[in-house]
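Written below as structure tokens is the structure these notes are about.
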Amino acid sequence: MAAPPTFSRPTLMNRLHDVDTFPAASPPTLMERIHDVATFPVASPPAPEPSPPQQLQPAQVQTLPVTAEVGLSLIAEYYQADELQIDGPAFMTGITIPVAPVLRSGRLTTTFRSAIRVVYDKLLHPNGSPADSIQTLLRSGAPFRVLVPLANTVPHQLAVAPSYLSRRNLFQGFDLTNPGFWNKYTSRVRELLRHPFARRFLTLGGILWRIALQFGPNTLVQEALAGPSLAVTLWRSGESVGNLWDDYVTPEEIKTLLGHSYSGSESCWPPIDIWDSSKKWTGFWSDADEAWFQSHLANLSSGNLQAPKSRRTWKTCFRPAKSDAPSEIYAQELFTKLGHDNTQAPTWDL
């Protein structure tokens with residue numbers, strides 16, 4: 001019987017071979033096609049006489065250091081289309097990421113790999129906003145964060161802070177030698193992801209993003225895009241840069257999501273530093289990432305006591321990327337060639 005035909009995705013260079021000049025009017029972006037999108041208001045804690053919100057200084061005009069033709073050719077030289085998720089995110093079994101409005105005020109900060117996708121979108125749509133890339137970054141598991149200005153108020157003196165805020169730095173760990181470890185893991189992780197600050201797991205990207213999608217509530221994506229949670233707006237349990245705020249997660253909460261043992265020597269999922277530096281992780285969730293995730297998820301959910309691994313074994317499974325692979329250093333070099341400052345984290349005013 002004849003073998004089925006095979007297909008390959010076109011590279012970015014294939015897509016750009018007829019590009020000479022770019023018209024002033026660019027095709028509508030995904031967010032432009034979502035008509036009548038309202039900007040999410042920044043929630044303010046209740047107060048008898050709330051102070052007016054502190055506004056960011058007007059954003060500087062976003063200029064493009066290189067022409068669209070030069071910039072897109074450079075990106076095509078460095079990356080394949082699927083590496084930047086140009087064709088859309090990888091298919092994830094049982095996961096549907098809804099389209100939702102995004103914040104259009106504040107400050108977007110990304111890794112260098114995520115920044116290349118933002119620059120790519122800006123080169124295609126010079127009149128667009130960096131906010132137009134946020135939905136793509138979140139759908140692709142790329143790390144980013146948006147810090148927003150909050151009202152200059154203090155928590156309500158008569159309200160009682162929720163008890164979970166005082167336990168955020170506590171780590172219980174799991175008995176990974178117990179055949180019932182998986183049920184305890186999923187129960188505790190689902191509880192963790194119901195807390196308001198859990199939206200931050202999605203914007204951290206990578207393996208944390210994928211686990212949060214798997215076990216989090218259906219509203220988690222909308223919450224991630226809507227801006228700081230009540231933990232920040234009401235209780236100031238967050239991270240700030242001046243008057244710009246965002247949610248945060250503690251190292252202990254990350255260990256819980258990754259399923260670390262009592263001693264921390266083993267975990268259900270690879271430690272975050274090993275994952276981030278691995279040659280398998282290109283900064284965007286791929287079909288290969290999803291295939292591995294589904295295989296390992298099935299292994300864990302079967303109760304296999306060999307599924308959790310030691311840090312040493314995880315390092316063997318996820319070896320570091322070489323210098324010429326699509327790593328963060330690789331993207332930082334390209335970011336410089338595209339005419340941007342690489343001495344600090346890529347940042348855009350929205």
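Chain lettering (A, B, ...) mirrors the order of the structure tokens, residue numbering begins at 1 for each chain separately, and ligand numbering begins at 1 in order of display.
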
Worksheet item: Among segment 109-163 of chain A, which residues carry a DSSP assignment of strand (DSSP E or B), reported as a PyMOL selection string?
Response: chain A and resi 109-110+144-149+151

Serialized selection, C-alpha atoms, as a short mmCIF file (atom, residue, chain, number, x, y, z; two decimals), in the first residue's frame:
data_model
loop_
_atom_site.label_atom_id
_atom_site.label_comp_id
_atom_site.auth_asym_id
_atom_site.auth_seq_id
_atom_site.Cartn_x
_atom_site.Cartn_y
_atom_site.Cartn_z
CA THR A 109 7.42 43.04 29.74
CA THR A 110 8.63 39.88 28.02
CA PHE A 144 5.21 37.73 29.60
CA ARG A 145 3.60 40.03 32.14
CA VAL A 146 1.56 43.22 32.13
CA LEU A 147 1.95 45.62 35.05
CA VAL A 148 -0.83 48.17 35.46
CA PRO A 149 -1.32 51.35 37.54
CA ALA A 151 -5.51 53.58 42.61
#

Discussion item. Which residues are close to segment 126-138 of chain A, i.e. within 7 Å by only C-alpha atoms, leaving aside same-chain residues fewer than 6 positions away? Reply as a list in words.
Written reply: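 In the requested form, the answer reads Met31, Arg104, Val118, Thr203, Trp348 and Leu350 of chain A.
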
Discussion item. Just the number, please: distance in Å from atom CA of Lys309 of chain A to atom CA of Ser267 of chain A, one decimal.
Written reply: 5.7 Å

Worksheet item: For Ala321 of chain A, which of A:Gly283, A:Pro271, A:Gly206, A:Pro346 is the closest residue, counting only C-alpha atoms?
Response: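 Using only C-alpha atoms, Ala321 of chain A sits closest to A:Gly283.
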
Item to complete: Write out as number ranges by chain all residues of segment 182-304 of chain A that backbone DSSP assigns to helix (DSSP H, G or I).
Response: A: 182-193, 196-204, 206-215, 220-226, 230-233, 251-258, 272-277, 287-301

Worksheet item: Between A:Pro251, A:Gly141, A:Gly264, A:Pro196, which one has atoms that come closest to Ser229 of chain A, using only C-alpha atoms?
Response: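 Residue with the minimum atom-to-atom distance to Ser229 of chain A: A:Pro196.
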
Discussion item. Here is a test: counting only C-alpha atoms, which residue of A:Gln332, A:Ser114, A:Ser265, A:Thr93 is nearest to Asp175 of chain A?
Written reply: A:Ser265

Worksheet item: Quick one: of A:Ala331, A:Gly259, A:Trp235, A:Ser286, who's nearest to Ser166 of chain A, counting only C-alpha atoms?
Response: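 Result for the nearest residue to Ser166 of chain A: A:Trp235.
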
Worksheet item: From the list A:Arg200, A:Arg107, A:Arg117, A:Arg311, which residue is nearest Val249 of chain A when using only C-alpha atoms?
Response: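 Of all the options, A:Arg200 lies closest to Val249 of chain A.
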
Any idea what's packed within 12 Å of Thr313 of chain A, counting only C-alpha atoms, ignoring anything in its chain fewer than 5 positions away? Could you give it as a PDB file with N, CA, C and O atoms, in the first residue's frame?
ATOM      1  N   SER A 265      13.632  16.575  46.695  1.00  0.00           N
ATOM      2  CA  SER A 265      14.608  15.887  45.843  1.00  0.00           C
ATOM      3  C   SER A 265      13.975  15.292  44.592  1.00  0.00           C
ATOM      4  O   SER A 265      14.668  15.003  43.612  1.00  0.00           O
ATOM      5  N   GLU A 266      12.658  15.069  44.600  1.00  0.00           N
ATOM      6  CA  GLU A 266      11.947  14.539  43.452  1.00  0.00           C
ATOM      7  C   GLU A 266      10.747  15.405  43.140  1.00  0.00           C
ATOM      8  O   GLU A 266      10.259  16.147  44.011  1.00  0.00           O
ATOM      9  N   SER A 267      10.255  15.306  41.921  1.00  0.00           N
ATOM     10  CA  SER A 267       9.078  16.084  41.538  1.00  0.00           C
ATOM     11  C   SER A 267       8.332  15.385  40.415  1.00  0.00           C
ATOM     12  O   SER A 267       8.913  14.602  39.652  1.00  0.00           O
ATOM     13  N   CYS A 268       7.024  15.686  40.330  1.00  0.00           N
ATOM     14  CA  CYS A 268       6.201  15.101  39.266  1.00  0.00           C
ATOM     15  C   CYS A 268       6.546  15.687  37.905  1.00  0.00           C
ATOM     16  O   CYS A 268       6.443  15.000  36.887  1.00  0.00           O
ATOM     17  N   TRP A 269       6.924  16.948  37.892  1.00  0.00           N
ATOM     18  CA  TRP A 269       7.237  17.655  36.648  1.00  0.00           C
ATOM     19  C   TRP A 269       8.641  18.250  36.745  1.00  0.00           C
ATOM     20  O   TRP A 269       9.147  18.468  37.846  1.00  0.00           O
ATOM     21  N   PRO A 270       9.293  18.519  35.626  1.00  0.00           N
ATOM     22  CA  PRO A 270      10.674  19.038  35.672  1.00  0.00           C
ATOM     23  C   PRO A 270      10.766  20.384  36.371  1.00  0.00           C
ATOM     24  O   PRO A 270       9.889  21.237  36.189  1.00  0.00           O
ATOM     25  N   PRO A 271      11.796  20.601  37.186  1.00  0.00           N
ATOM     26  CA  PRO A 271      12.006  21.913  37.828  1.00  0.00           C
ATOM     27  C   PRO A 271      12.047  23.017  36.787  1.00  0.00           C
ATOM     28  O   PRO A 271      12.520  22.820  35.657  1.00  0.00           O
ATOM     29  N   ILE A 274      15.351  23.884  34.926  1.00  0.00           N
ATOM     30  CA  ILE A 274      15.763  22.856  33.974  1.00  0.00           C
ATOM     31  C   ILE A 274      14.915  22.944  32.706  1.00  0.00           C
ATOM     32  O   ILE A 274      15.432  22.846  31.587  1.00  0.00           O
ATOM     33  N   GLN A 306       7.381   5.383  39.382  1.00  0.00           N
ATOM     34  CA  GLN A 306       8.607   5.749  38.688  1.00  0.00           C
ATOM     35  C   GLN A 306       8.436   7.021  37.858  1.00  0.00           C
ATOM     36  O   GLN A 306       9.414   7.538  37.317  1.00  0.00           O
ATOM     37  N   ALA A 307       7.205   7.529  37.754  1.00  0.00           N
ATOM     38  CA  ALA A 307       6.968   8.724  36.941  1.00  0.00           C
ATOM     39  C   ALA A 307       7.616   9.976  37.533  1.00  0.00           C
ATOM     40  O   ALA A 307       8.247  10.744  36.804  1.00  0.00           O
ATOM     41  N   PRO A 308       7.480  10.235  38.849  1.00  0.00           N
ATOM     42  CA  PRO A 308       8.238  11.358  39.420  1.00  0.00           C
ATOM     43  C   PRO A 308       9.733  11.059  39.331  1.00  0.00           C
ATOM     44  O   PRO A 308      10.157   9.914  39.417  1.00  0.00           O
ATOM     45  N   PHE A 318      16.166  16.558  30.074  1.00  0.00           N
ATOM     46  CA  PHE A 318      16.031  17.883  29.467  1.00  0.00           C
ATOM     47  C   PHE A 318      17.394  18.576  29.485  1.00  0.00           C
ATOM     48  O   PHE A 318      17.676  19.406  30.345  1.00  0.00           O
ATOM     49  N   ARG A 319      18.210  18.221  28.533  1.00  0.00           N
ATOM     50  CA  ARG A 319      19.568  18.757  28.474  1.00  0.00           C
ATOM     51  C   ARG A 319      19.553  20.219  28.028  1.00  0.00           C
ATOM     52  O   ARG A 319      18.681  20.632  27.253  1.00  0.00           O
TER      53      ARG A 319
END
